[in-house]
$ cat structure-v5.cif   # mmCIF, C-alpha atoms
data_protein
loop_
_atom_site.group_PDB
_atom_site.id
_atom_site.type_symbol
_atom_site.label_atom_id
_atom_site.label_comp_id
_atom_site.auth_asym_id
_atom_site.auth_seq_id
_atom_site.Cartn_x
_atom_site.Cartn_y
_atom_site.Cartn_z
ATOM 1 C CA ALA A 1 0.000 0.000 0.000
ATOM 2 C CA GLY A 2 2.853 2.362 0.828
ATOM 3 C CA ALA A 3 4.582 1.819 -2.497
ATOM 4 C CA LYS A 4 1.319 2.396 -4.426
ATOM 5 C CA ARG A 5 0.708 5.643 -2.540
ATOM 6 C CA LEU A 6 4.206 6.871 -3.365
ATOM 7 C CA ARG A 7 3.680 6.135 -7.051
ATOM 8 C CA ARG A 8 0.451 8.101 -7.020
ATOM 9 C CA GLU A 9 2.248 11.051 -5.495
ATOM 10 C CA GLY A 10 4.881 10.877 -8.198
ATOM 11 C CA ARG A 11 7.852 10.749 -5.827
ATOM 12 C CA VAL A 12 10.824 9.226 -7.579
ATOM 13 C CA ASP A 13 13.512 10.312 -5.106
ATOM 14 C CA LEU A 14 13.054 7.620 -2.476
ATOM 15 C CA GLU A 15 16.524 6.804 -1.220
ATOM 16 C CA GLY A 16 18.152 3.860 0.462
ATOM 17 C CA ALA A 17 21.391 2.555 1.895
ATOM 18 C CA ALA A 18 22.741 -0.860 2.813
ATOM 19 C CA VAL A 19 25.692 -2.349 4.667
ATOM 20 C CA VAL A 20 26.668 -6.023 4.450
ATOM 21 C CA VAL A 21 29.268 -7.411 6.853
ATOM 22 C CA SER A 22 30.704 -10.677 8.123
ATOM 23 C CA PRO A 23 29.595 -11.384 11.706
ATOM 24 C CA GLN A 24 32.710 -13.490 12.314
ATOM 25 C CA ASN A 25 35.308 -10.777 11.826
ATOM 26 C CA GLY A 26 33.499 -7.483 11.187
ATOM 27 C CA GLU A 27 34.725 -7.190 7.601
ATOM 28 C CA VAL A 28 32.547 -4.987 5.388
ATOM 29 C CA LEU A 29 31.584 -7.108 2.391
ATOM 30 C CA ALA A 30 29.463 -4.527 0.558
ATOM 31 C CA MET A 31 28.134 -1.019 1.027
ATOM 32 C CA VAL A 32 25.641 1.055 -0.957
ATOM 33 C CA GLY A 33 25.258 4.742 -0.131
ATOM 34 C CA GLY A 34 22.207 5.561 -2.276
ATOM 35 C CA ARG A 35 19.978 4.479 -5.125
ATOM 36 C CA GLN A 36 22.740 5.517 -7.569
ATOM 37 C CA ALA A 37 25.346 3.023 -6.423
ATOM 38 C CA GLY A 38 28.147 4.556 -8.486
ATOM 39 C CA PHE A 39 27.651 8.103 -7.164
ATOM 40 C CA GLU A 40 30.818 9.255 -5.375
ATOM 41 C CA GLY A 41 29.241 12.008 -3.301
ATOM 42 C CA TYR A 42 27.041 11.712 -0.233
ATOM 43 C CA ASN A 43 27.244 8.201 1.227
ATOM 44 C CA ARG A 44 24.118 7.576 3.300
ATOM 45 C CA ALA A 45 25.448 4.306 4.672
ATOM 46 C CA LEU A 46 28.232 6.214 6.420
ATOM 47 C CA ASP A 47 26.867 9.708 6.941
ATOM 48 C CA ALA A 48 23.064 9.668 7.140
ATOM 49 C CA LYS A 49 22.136 9.585 10.810
ATOM 50 C CA ARG A 50 18.440 8.829 10.995
ATOM 51 C CA PRO A 51 16.064 7.811 13.818
ATOM 52 C CA ILE A 52 16.253 4.026 14.102
ATOM 53 C CA GLY A 53 12.805 3.340 15.567
ATOM 54 C CA SER A 54 12.338 -0.189 16.890
ATOM 55 C CA LEU A 55 15.867 -1.241 15.924
ATOM 56 C CA VAL A 56 16.783 0.051 19.381
ATOM 57 C CA LYS A 57 14.466 -2.378 21.175
ATOM 58 C CA PRO A 58 16.956 -5.276 21.272
ATOM 59 C CA VAL A 59 19.270 -3.006 23.255
ATOM 60 C CA VAL A 60 16.475 -2.382 25.784
ATOM 61 C CA TYR A 61 15.774 -6.098 26.059
ATOM 62 C CA LEU A 62 19.453 -7.012 26.281
ATOM 63 C CA ALA A 63 19.854 -4.653 29.229
ATOM 64 C CA ALA A 64 16.865 -6.358 30.838
ATOM 65 C CA LEU A 65 18.277 -9.835 30.207
ATOM 66 C CA GLU A 66 21.639 -8.779 31.656
ATOM 67 C CA SER A 67 19.790 -7.676 34.795
ATOM 68 C CA GLY A 68 18.438 -11.187 35.376
ATOM 69 C CA ARG A 69 15.180 -11.242 33.439
ATOM 70 C CA THR A 70 14.486 -14.115 31.036
ATOM 71 C CA LEU A 71 12.541 -14.645 27.828
ATOM 72 C CA ALA A 72 9.626 -15.837 29.967
ATOM 73 C CA THR A 73 9.526 -12.762 32.223
ATOM 74 C CA PRO A 74 5.992 -11.277 32.133
ATOM 75 C CA LEU A 75 5.730 -7.671 30.955
ATOM 76 C CA ASP A 76 2.845 -5.195 31.147
ATOM 77 C CA ASP A 77 1.789 -4.111 27.676
ATOM 78 C CA MET A 78 -0.597 -1.540 29.066
ATOM 79 C CA PRO A 79 -1.060 2.243 28.639
ATOM 80 C CA ILE A 80 1.461 4.403 30.453
ATOM 81 C CA THR A 81 1.954 8.126 30.970
ATOM 82 C CA VAL A 82 5.542 9.295 31.436
ATOM 83 C CA LYS A 83 6.087 12.650 33.119
ATOM 84 C CA ILE A 84 8.968 14.653 31.644
ATOM 85 C CA ARG A 85 10.189 17.779 33.387
ATOM 86 C CA GLY A 86 9.414 20.915 31.389
ATOM 87 C CA GLN A 87 7.486 19.006 28.691
ATOM 88 C CA LYS A 88 4.072 17.536 28.097
ATOM 89 C CA PRO A 89 3.558 14.047 29.518
ATOM 90 C CA TRP A 90 4.531 11.353 27.039
ATOM 91 C CA GLU A 91 1.822 8.809 26.234
ATOM 92 C CA PRO A 92 3.225 6.180 23.855
ATOM 93 C CA SER A 93 1.004 3.650 22.106
ATOM 94 C CA ASN A 94 1.393 0.400 20.208
ATOM 95 C CA TYR A 95 1.486 0.494 16.413
ATOM 96 C CA ASP A 96 -1.896 -1.246 16.295
ATOM 97 C CA LYS A 97 -3.239 1.115 19.017
ATOM 98 C CA THR A 98 -4.137 -1.931 21.121
ATOM 99 C CA PRO A 99 -2.668 -2.881 24.521
ATOM 100 C CA HIS A 100 -2.090 -6.628 24.937
ATOM 101 C CA GLY A 101 -2.139 -7.030 28.717
ATOM 102 C CA THR A 102 0.505 -9.257 30.312
ATOM 103 C CA VAL A 103 2.843 -10.863 27.765
ATOM 104 C CA PRO A 104 6.129 -12.797 28.002
ATOM 105 C CA LEU A 105 9.256 -10.847 27.191
ATOM 106 C CA VAL A 106 9.989 -12.888 24.062
ATOM 107 C CA ARG A 107 6.584 -12.104 22.548
ATOM 108 C CA ALA A 108 6.879 -8.399 23.365
ATOM 109 C CA LEU A 109 10.129 -8.181 21.400
ATOM 110 C CA ALA A 110 9.049 -10.489 18.554
ATOM 111 C CA GLU A 111 5.906 -8.432 17.966
ATOM 112 C CA SER A 112 7.650 -5.112 18.748
ATOM 113 C CA MET A 113 5.202 -3.982 21.429
ATOM 114 C CA ASN A 114 5.848 -0.354 22.351
ATOM 115 C CA LEU A 115 4.028 -0.259 25.672
ATOM 116 C CA ALA A 116 5.767 -3.325 27.064
ATOM 117 C CA THR A 117 9.118 -1.921 25.928
ATOM 118 C CA VAL A 118 8.541 1.412 27.687
ATOM 119 C CA HIS A 119 7.466 -0.279 30.924
ATOM 120 C CA LEU A 120 10.531 -2.523 30.763
ATOM 121 C CA GLY A 121 12.972 0.224 29.798
ATOM 122 C CA LEU A 122 11.872 2.543 32.572
ATOM 123 C CA ASP A 123 12.194 -0.294 35.055
ATOM 124 C CA VAL A 124 15.709 -1.178 33.855
ATOM 125 C CA GLY A 125 16.739 2.480 33.656
ATOM 126 C CA VAL A 126 17.218 4.626 30.567
ATOM 127 C CA PRO A 127 20.793 5.717 31.512
ATOM 128 C CA LYS A 128 21.866 2.063 31.678
ATOM 129 C CA ILE A 129 20.342 1.409 28.246
ATOM 130 C CA VAL A 130 22.006 4.343 26.469
ATOM 131 C CA LYS A 131 25.379 3.348 27.952
ATOM 132 C CA LEU A 132 24.848 -0.169 26.650
ATOM 133 C CA LEU A 133 24.002 1.205 23.185
ATOM 134 C CA GLU A 134 27.334 3.021 23.110
ATOM 135 C CA ARG A 135 29.164 -0.055 24.372
ATOM 136 C CA LEU A 136 27.638 -2.164 21.611
ATOM 137 C CA GLY A 137 28.735 0.136 18.803
ATOM 138 C CA ALA A 138 27.043 3.556 18.661
ATOM 139 C CA ASN A 139 29.604 6.330 18.266
ATOM 140 C CA GLU A 140 28.208 8.190 21.270
ATOM 141 C CA ALA A 141 25.510 7.668 23.862
ATOM 142 C CA PRO A 142 22.297 9.646 23.221
ATOM 143 C CA ALA A 143 20.702 11.785 25.912
ATOM 144 C CA PRO A 144 18.841 9.465 28.336
ATOM 145 C CA ASN A 145 15.344 10.616 27.404
ATOM 146 C CA PRO A 146 12.486 8.103 27.730
ATOM 147 C CA SER A 147 11.720 8.426 23.999
ATOM 148 C CA VAL A 148 15.035 6.658 23.307
ATOM 149 C CA LEU A 149 13.262 3.449 24.338
ATOM 150 C CA LEU A 150 11.217 3.569 21.115
ATOM 151 C CA GLY A 151 14.041 4.651 18.845
ATOM 152 C CA ALA A 152 14.295 8.438 19.145
ATOM 153 C CA VAL A 153 18.017 8.139 18.539
ATOM 154 C CA ALA A 154 19.743 8.786 15.217
ATOM 155 C CA LEU A 155 22.380 6.371 13.923
ATOM 156 C CA SER A 156 23.922 5.778 10.514
ATOM 157 C CA PRO A 157 23.454 2.379 8.827
ATOM 158 C CA VAL A 158 27.091 1.502 9.519
ATOM 159 C CA GLU A 159 26.604 2.246 13.239
ATOM 160 C CA VAL A 160 23.527 0.016 13.264
ATOM 161 C CA ALA A 161 25.600 -2.699 11.581
ATOM 162 C CA GLN A 162 28.217 -2.374 14.323
ATOM 163 C CA VAL A 163 25.587 -2.831 17.030
ATOM 164 C CA TYR A 164 23.974 -5.825 15.347
ATOM 165 C CA VAL A 165 27.320 -7.482 14.574
ATOM 166 C CA THR A 166 27.873 -7.462 18.325
ATOM 167 C CA PHE A 167 24.570 -9.311 18.768
ATOM 168 C CA ALA A 168 25.409 -11.826 16.025
ATOM 169 C CA SER A 169 28.840 -12.558 17.489
ATOM 170 C CA GLY A 170 27.485 -13.387 20.935
ATOM 171 C CA GLY A 171 28.344 -10.108 22.632
ATOM 172 C CA PHE A 172 31.842 -9.694 21.212
ATOM 173 C CA ARG A 173 32.444 -6.343 19.561
ATOM 174 C CA ASN A 174 34.484 -6.554 16.361
ATOM 175 C CA PRO A 175 35.128 -3.054 14.974
ATOM 176 C CA LEU A 176 33.974 -2.945 11.359
ATOM 177 C CA LYS A 177 36.751 -2.676 8.825
ATOM 178 C CA ALA A 178 37.059 -2.493 5.061
ATOM 179 C CA VAL A 179 40.854 -2.897 4.747
ATOM 180 C CA ARG A 180 42.831 -5.978 5.793
ATOM 181 C CA SER A 181 46.297 -4.669 5.010
ATOM 182 C CA VAL A 182 48.257 -2.117 2.963
ATOM 183 C CA GLN A 183 51.135 -3.238 0.748
ATOM 184 C CA GLY A 184 53.913 -1.369 -1.008
ATOM 185 C CA PRO A 185 54.724 -1.533 -4.746
ATOM 186 C CA GLU A 186 56.820 -4.684 -4.238
ATOM 187 C CA GLY A 187 54.181 -6.388 -2.137
ATOM 188 C CA GLU A 188 55.874 -5.559 1.143
ATOM 189 C CA PRO A 189 53.439 -5.060 4.064
ATOM 190 C CA LEU A 190 53.117 -1.430 5.134
ATOM 191 C CA ALA A 191 50.225 -1.757 7.557
ATOM 192 C CA GLN A 192 47.988 -4.494 8.862
ATOM 193 C CA TYR A 193 44.606 -4.311 10.546
ATOM 194 C CA PRO A 194 44.128 -7.411 12.679
ATOM 195 C CA ILE A 195 40.838 -8.459 14.229
ATOM 196 C CA GLN A 196 40.247 -6.683 17.531
ATOM 197 C CA THR A 197 37.640 -8.432 19.640
ATOM 198 C CA GLU A 198 36.250 -7.263 22.969
ATOM 199 C CA GLN A 199 33.431 -8.837 24.957
ATOM 200 C CA VAL A 200 31.022 -6.007 25.776
ATOM 201 C CA ALA A 201 27.829 -7.882 26.736
ATOM 202 C CA ASP A 202 26.971 -10.933 28.797
ATOM 203 C CA ALA A 203 27.084 -14.037 26.596
ATOM 204 C CA GLY A 204 24.050 -15.651 28.239
ATOM 205 C CA ALA A 205 21.946 -12.523 27.840
ATOM 206 C CA VAL A 206 22.938 -12.151 24.163
ATOM 207 C CA TYR A 207 22.122 -15.815 23.557
ATOM 208 C CA GLN A 208 18.592 -15.269 24.856
ATOM 209 C CA LEU A 209 18.251 -12.038 22.878
ATOM 210 C CA ASN A 210 19.191 -13.764 19.640
ATOM 211 C CA GLU A 211 16.628 -16.492 20.311
ATOM 212 C CA ALA A 212 14.038 -13.696 20.465
ATOM 213 C CA LEU A 213 15.368 -12.138 17.242
ATOM 214 C CA ILE A 214 14.861 -15.506 15.548
ATOM 215 C CA GLN A 215 11.246 -15.337 16.705
ATOM 216 C CA VAL A 216 10.946 -11.919 15.016
ATOM 217 C CA MET A 217 11.578 -13.718 11.721
ATOM 218 C CA GLN A 218 9.464 -16.775 12.436
ATOM 219 C CA ARG A 219 6.316 -15.289 13.978
ATOM 220 C CA GLY A 220 6.935 -11.613 14.641
ATOM 221 C CA THR A 221 7.059 -8.409 12.621
ATOM 222 C CA ALA A 222 9.356 -9.897 9.935
ATOM 223 C CA ARG A 223 7.403 -13.123 9.396
ATOM 224 C CA GLY A 224 6.257 -11.882 5.985
ATOM 225 C CA ALA A 225 9.761 -12.543 4.626
ATOM 226 C CA ARG A 226 9.756 -16.236 5.457
ATOM 227 C CA GLY A 227 7.884 -17.299 2.319
ATOM 228 C CA ARG A 228 10.551 -15.678 0.135
ATOM 229 C CA LEU A 229 13.542 -17.191 1.937
ATOM 230 C CA PRO A 230 14.753 -20.791 2.165
ATOM 231 C CA ALA A 231 12.473 -22.559 4.646
ATOM 232 C CA ASN A 232 15.324 -24.507 6.228
ATOM 233 C CA VAL A 233 17.528 -21.483 6.984
ATOM 234 C CA VAL A 234 17.303 -19.913 10.442
ATOM 235 C CA LEU A 235 17.650 -16.126 10.425
ATOM 236 C CA ALA A 236 17.446 -13.426 13.077
ATOM 237 C CA GLY A 237 16.570 -9.748 12.738
ATOM 238 C CA LYS A 238 14.523 -6.731 13.688
ATOM 239 C CA THR A 239 12.282 -4.242 11.889
ATOM 240 C CA GLY A 240 12.469 -0.522 12.606
ATOM 241 C CA THR A 241 10.105 2.330 11.744
ATOM 242 C CA SER A 242 10.504 5.934 12.865
ATOM 243 C CA ASP A 243 7.690 8.367 13.710
ATOM 244 C CA ASP A 244 5.232 9.188 10.924
ATOM 245 C CA LEU A 245 6.742 6.443 8.738
ATOM 246 C CA ARG A 246 9.714 8.629 7.826
ATOM 247 C CA ASP A 247 12.380 5.910 8.069
ATOM 248 C CA SER A 248 12.106 2.235 7.183
ATOM 249 C CA TRP A 249 14.803 -0.062 8.600
ATOM 250 C CA PHE A 250 15.696 -3.719 8.790
ATOM 251 C CA ALA A 251 18.753 -5.372 10.332
ATOM 252 C CA GLY A 252 19.188 -9.123 10.234
ATOM 253 C CA PHE A 253 21.730 -11.896 10.026
ATOM 254 C CA SER A 254 22.478 -15.493 9.165
ATOM 255 C CA GLN A 255 25.524 -17.351 10.489
ATOM 256 C CA ASP A 256 27.808 -15.802 7.896
ATOM 257 C CA VAL A 257 26.150 -12.595 6.648
ATOM 258 C CA LEU A 258 24.655 -9.565 8.384
ATOM 259 C CA ALA A 259 22.896 -6.826 6.442
ATOM 260 C CA VAL A 260 21.330 -3.508 7.415
ATOM 261 C CA VAL A 261 18.980 -1.668 5.051
ATOM 262 C CA TRP A 262 17.537 1.850 5.404
ATOM 263 C CA VAL A 263 14.889 3.437 3.158
ATOM 264 C CA GLY A 264 13.706 7.055 3.351
ATOM 265 C CA TYR A 265 13.711 10.528 1.829
ATOM 266 C CA ASP A 266 16.618 12.927 2.232
ATOM 267 C CA ASP A 267 14.178 15.720 3.123
ATOM 268 C CA ASN A 268 12.713 13.571 5.936
ATOM 269 C CA SER A 269 9.269 13.326 4.318
ATOM 270 C CA PRO A 270 7.045 10.402 5.344
ATOM 271 C CA THR A 271 7.517 7.372 3.091
ATOM 272 C CA GLY A 272 4.357 5.493 3.982
ATOM 273 C CA LEU A 273 6.564 2.450 4.588
ATOM 274 C CA THR A 274 7.103 0.488 7.767
ATOM 275 C CA GLY A 275 10.265 -1.486 8.350
ATOM 276 C CA ALA A 276 8.415 -4.602 7.190
ATOM 277 C CA SER A 277 6.905 -3.111 4.021
ATOM 278 C CA GLY A 278 10.019 -1.204 2.953
ATOM 279 C CA ALA A 279 13.516 -2.135 4.117
ATOM 280 C CA LEU A 280 12.656 -5.773 4.845
ATOM 281 C CA THR A 281 11.657 -6.392 1.212
ATOM 282 C CA ILE A 282 15.059 -5.112 0.010
ATOM 283 C CA TRP A 283 16.888 -7.074 2.720
ATOM 284 C CA THR A 284 15.035 -10.234 1.688
ATOM 285 C CA ASP A 285 15.943 -9.789 -1.979
ATOM 286 C CA LEU A 286 19.571 -9.256 -0.985
ATOM 287 C CA MET A 287 19.783 -12.269 1.324
ATOM 288 C CA ARG A 288 17.939 -14.722 -0.921
ATOM 289 C CA GLY A 289 20.647 -14.253 -3.540
ATOM 290 C CA LEU A 290 23.355 -15.460 -1.155
ATOM 291 C CA PRO A 291 24.334 -18.978 -0.034
ATOM 292 C CA LEU A 292 23.116 -18.617 3.556
ATOM 293 C CA GLN A 293 24.004 -20.715 6.573
ATOM 294 C CA SER A 294 21.463 -21.035 9.393
ATOM 295 C CA TYR A 295 22.199 -18.873 12.390
ATOM 296 C CA GLU A 296 23.131 -20.975 15.389
ATOM 297 C CA ALA A 297 24.509 -19.173 18.397
ATOM 298 C CA ALA A 298 27.018 -20.985 20.574
ATOM 299 C CA ARG A 299 25.167 -22.015 23.737
ATOM 300 C CA PRO A 300 26.932 -20.589 26.827
ATOM 301 C CA GLU A 301 27.444 -22.744 29.882
ATOM 302 C CA GLY A 302 24.310 -22.965 31.971
ATOM 303 C CA PHE A 303 21.879 -22.742 29.017
#
$ encode --input "structure-v5.cif" --output "C-alpha cells"
Amino acid sequence: AGAKRLRREGRVDLEGAAVVVSPQNGEVLAMVGGRQAGFEGYNRALDAKRPIGSLVKPVVYLAALESGRTLATPLDDMPITVKIRGQKPWEPSNYDKTPHGTVPLVRALAESMNLATVHLGLDVGVPKIVKLLERLGANEAPAPNPSVLLGAVALSPVEVAQVYVTFASGGFRNPLKAVRSVQGPEGEPLAQYPIQTEQVADAGAVYQLNEALIQVMQRGTARGARGRLPANVVLAGKTGTSDDLRDSWFAGFSQDVLAVVWVGYDDNSPTGLTGASGALTIWTDLMRGLPLQSYEAARPEGF
C-alpha cells in the first residue's frame, strides 16, 4: 500500500542505503550509499544519521536480560503516561493502538510492542540502556530521554551494523573494517589491521536475545519474509520504523552474513513504509541471492 501511494504522489527520489558485513570478523563485504550506487558524493550508509525506531528495542531487552530477566519474564503491555520535566507528559502507544495485557518478554520483542518496551525500559533504567548502546557500537551515547526506548536516537546504517554485529557474534564487539592490510609496490606489508575483539555484553543474555530475534523472523514483525527465503535457513533480525513512517529499517543476520537496510527521503518526508513493508523487502531480496548458513549461536554454559 505504501509503495502504491508513493507512485500516485509521483515521488521518484526515495533513497536507500545498505551495509553487508561478516559477523565473524566485522569485515565490510558490501556497502551502498544511495539508489545511484556509483555516485561518489554523499554516502548515506556512512553519513546519514536517521532515527532508528524499533531497531533500538533489542538493546532495551538485552539490558533487561543482563539484569536477570528471562525470555519468559511477564511484561505489562498496558497504557502508560511518562512525566517529563518541562514538557508535556509522554503517552506512547502500540502500532496497532491496542494494549495486549501481560505478555512474556519474548513475545513483546518479537511483535515489537511499544508499551511493554517502555514499561521494561523505565524499570531497567534509561541511563543504563544508552550506555549499553554506546558499548555495543554507537559512536556516542544519546541523551537518556524516555523516547530513546522507542528509537528516538539517530544512527547511521554503519553504526547500526556495528551494534547488530555485536549481537550476532554473541556479545563480542568486532570493529567494522574495510581494509585488511596495505602493501607497497613490491608487495611488502606497510600496515595491517588485525581483528580486535572485545566482549562487551553478557554471553548468556545475548544468547537469549538472539533467540528472540529468531522469533521476530518466524512469527513476529518480519514473518512476511519467510515465504521468500529458504524454509530450512534460520535467520534473526529486527524491523524498525521511525515516527510518521519517515524511516524504514531492517537489520538481520544469518551465520555468515549480516545486512542492514535503510529506506527514506533525504528531506525527511514520510515514506508510507514500515520497516516490514520497505527495508525488509530489500533485505530479503539481498539475502535470498546469497548462499546462507542457518544462524546458530554458541550455547553458553548454563543454558
$ residues_around --input "structure-v5.cif" --residues "stretch 153-157 of chain A" --least-positions-apart "6" --cutoff "8 Å" --atoms "only C-alpha atoms" --output "NGL selection string"
:A and (17-19 or 44-53 or 138 or 142 or 260-262)
$ resolve_selection --input "structure-v5.cif" --expression "the PyMOL selection byres ((chain A and resi 176) around 8)" --output "list in words"
Val21, Asn25, Gly26, Glu27, Val28, Gln162, Asn174, Pro175, Lys177 and Ala178 of chain A
$ write_last_selection --input "structure-v5.cif" --atoms "C-alpha atoms" --output "short mmCIF file (atom, residue, chain, number, x, y, z; two decimals), in the frame of the given file"
data_model
loop_
_atom_site.label_atom_id
_atom_site.label_comp_id
_atom_site.auth_asym_id
_atom_site.auth_seq_id
_atom_site.Cartn_x
_atom_site.Cartn_y
_atom_site.Cartn_z
CA VAL A 21 29.27 -7.41 6.85
CA ASN A 25 35.31 -10.78 11.83
CA GLY A 26 33.50 -7.48 11.19
CA GLU A 27 34.72 -7.19 7.60
CA VAL A 28 32.55 -4.99 5.39
CA GLN A 162 28.22 -2.37 14.32
CA ASN A 174 34.48 -6.55 16.36
CA PRO A 175 35.13 -3.05 14.97
CA LYS A 177 36.75 -2.68 8.82
CA ALA A 178 37.06 -2.49 5.06
#
$ axis_aligned_box --input "structure-v5.cif" --around "stretch 123-128 of chain A" --padding-each-side "4 Å" --output "lines of an AutoDock Vina configuration file"
center_x = 17.0
center_y = 2.3
center_z = 32.8
size_x = 17.7
size_y = 14.9
size_z = 12.5
$ closest_atom_pairs --input "structure-v5.cif" --of "stretch 70-176 of chain A" --to "stretch 248-251 of chain A" --cutoff "8 Å" --atoms "all atoms listed in the file" --output "JSON lines"
{"residue": "A:Val160", "atom": "CA", "partner": "A:Ala251", "partner_atom": "CA", "distance": 7.8}
{"residue": "A:Ala161", "atom": "CA", "partner": "A:Ala251", "partner_atom": "CA", "distance": 7.5}
{"residue": "A:Tyr164", "atom": "CA", "partner": "A:Ala251", "partner_atom": "CA", "distance": 7.3}
$ closest_residue --input "structure-v5.cif" --among "A:Gly125, A:Pro74, A:Glu186, A:Asp243" --to "A:Pro144" --atoms "all atoms listed in the file"
A:Gly125
$ atom_distance --input "structure-v5.cif" --atom1 "atom CA of A:Val179" --atom2 "atom CA of A:Ala259"
18.5 Å
$ residues_around --input "structure-v5.cif" --residues "A:Ala225" --least-positions-apart "4" --cutoff "10 Å" --atoms "only C-alpha atoms" --output "number ranges by chain"
A: 217-218, 221, 229-230, 276-277, 280-281, 283-285
$ atom_distance --input "structure-v5.cif" --atom1 "atom CA of A:Ala143" --atom2 "atom CA of A:His100"
29.3 Å
$ atom_distance --input "structure-v5.cif" --atom1 "atom CA of A:Ala72" --atom2 "atom CA of A:Ala279"
29.5 Å
$ resolve_selection --input "structure-v5.cif" --expression "the PyMOL selection byres ((chain A and resi 14) around 10)" --output "PyMOL selection string"
chain A and resi 6+11-13+15-16+34-35+263-267+269+271
$ residues_around --input "structure-v5.cif" --residues "A:Ile80" --least-positions-apart "5" --cutoff "12 Å" --atoms "all atoms listed in the file" --output "PyMOL selection string"
chain A and resi 89-94+99+114-120+122+146
$ residues_around --input "structure-v5.cif" --residues "stretch 199-210 of chain A" --least-positions-apart "5" --cutoff "8 Å" --atoms "all atoms listed in the file" --output "ChimeraX atom specification"
/A:58,61-62,65-66,70-71,135-136,167-168,170-173,236,297-300,303
$ residues_near_point --input "structure-v5.cif" --point "(18.2, -16.9, 0.7)" --cutoff "9 Å" --atoms "only C-alpha atoms" --output "list in words"
Arg228, Leu229, Pro230, Ala231, Val233, Thr284, Asp285, Leu286, Met287, Arg288, Gly289, Leu290, Pro291 and Leu292 of chain A
$ closest_residue --input "structure-v5.cif" --among "A:Val182, A:Val32, A:Val56, A:Ala64" --to "A:Gly137" --atoms "all atoms listed in the file"
A:Val56
$ resolve_selection --input "structure-v5.cif" --expression "the PyMOL selection byres ((chain A and resi 293) around 9)" --output "MDAnalysis selection string"
chainID A and resid 233:235 254:257 291:292 294:296
$ closest_residue --input "structure-v5.cif" --among "A:Val60, A:Ile214, A:Leu258, A:Ala152" --to "A:Pro127" --atoms "all atoms listed in the file"
A:Val60
$ build_atoms --input "structure-v5.cif" --residues "stretch 147-158 of chain A" --atoms "N, CA and C atoms" --output "PDB file, in the coordinates of the input"
ATOM      1  N   SER A 147      12.069   8.724  25.388  1.00  0.00           N
ATOM      2  CA  SER A 147      11.720   8.426  23.999  1.00  0.00           C
ATOM      3  C   SER A 147      12.782   7.585  23.295  1.00  0.00           C
ATOM      4  N   VAL A 148      13.994   7.528  23.862  1.00  0.00           N
ATOM      5  CA  VAL A 148      15.035   6.658  23.307  1.00  0.00           C
ATOM      6  C   VAL A 148      14.562   5.203  23.274  1.00  0.00           C
ATOM      7  N   LEU A 149      13.718   4.837  24.225  1.00  0.00           N
ATOM      8  CA  LEU A 149      13.262   3.449  24.338  1.00  0.00           C
ATOM      9  C   LEU A 149      12.507   2.981  23.101  1.00  0.00           C
ATOM     10  N   LEU A 150      11.940   3.915  22.341  1.00  0.00           N
ATOM     11  CA  LEU A 150      11.217   3.569  21.115  1.00  0.00           C
ATOM     12  C   LEU A 150      11.948   4.056  19.868  1.00  0.00           C
ATOM     13  N   GLY A 151      13.230   4.386  20.027  1.00  0.00           N
ATOM     14  CA  GLY A 151      14.041   4.651  18.845  1.00  0.00           C
ATOM     15  C   GLY A 151      14.261   6.092  18.489  1.00  0.00           C
ATOM     16  N   ALA A 152      14.015   7.026  19.417  1.00  0.00           N
ATOM     17  CA  ALA A 152      14.295   8.438  19.145  1.00  0.00           C
ATOM     18  C   ALA A 152      15.786   8.700  19.338  1.00  0.00           C
ATOM     19  N   VAL A 153      16.569   7.990  18.560  1.00  0.00           N
ATOM     20  CA  VAL A 153      18.017   8.139  18.539  1.00  0.00           C
ATOM     21  C   VAL A 153      18.463   7.944  17.099  1.00  0.00           C
ATOM     22  N   ALA A 154      19.330   8.820  16.620  1.00  0.00           N
ATOM     23  CA  ALA A 154      19.743   8.786  15.217  1.00  0.00           C
ATOM     24  C   ALA A 154      21.097   8.095  15.074  1.00  0.00           C
ATOM     25  N   LEU A 155      21.140   7.072  14.237  1.00  0.00           N
ATOM     26  CA  LEU A 155      22.380   6.371  13.923  1.00  0.00           C
ATOM     27  C   LEU A 155      22.501   6.227  12.407  1.00  0.00           C
ATOM     28  N   SER A 156      23.710   6.079  11.928  1.00  0.00           N
ATOM     29  CA  SER A 156      23.922   5.778  10.514  1.00  0.00           C
ATOM     30  C   SER A 156      23.776   4.264  10.311  1.00  0.00           C
ATOM     31  N   PRO A 157      23.525   3.825   9.078  1.00  0.00           N
ATOM     32  CA  PRO A 157      23.454   2.379   8.827  1.00  0.00           C
ATOM     33  C   PRO A 157      24.700   1.628   9.264  1.00  0.00           C
ATOM     34  N   VAL A 158      25.881   2.222   9.121  1.00  0.00           N
ATOM     35  CA  VAL A 158      27.091   1.502   9.519  1.00  0.00           C
ATOM     36  C   VAL A 158      27.173   1.389  11.043  1.00  0.00           C
TER      37      VAL A 158
END
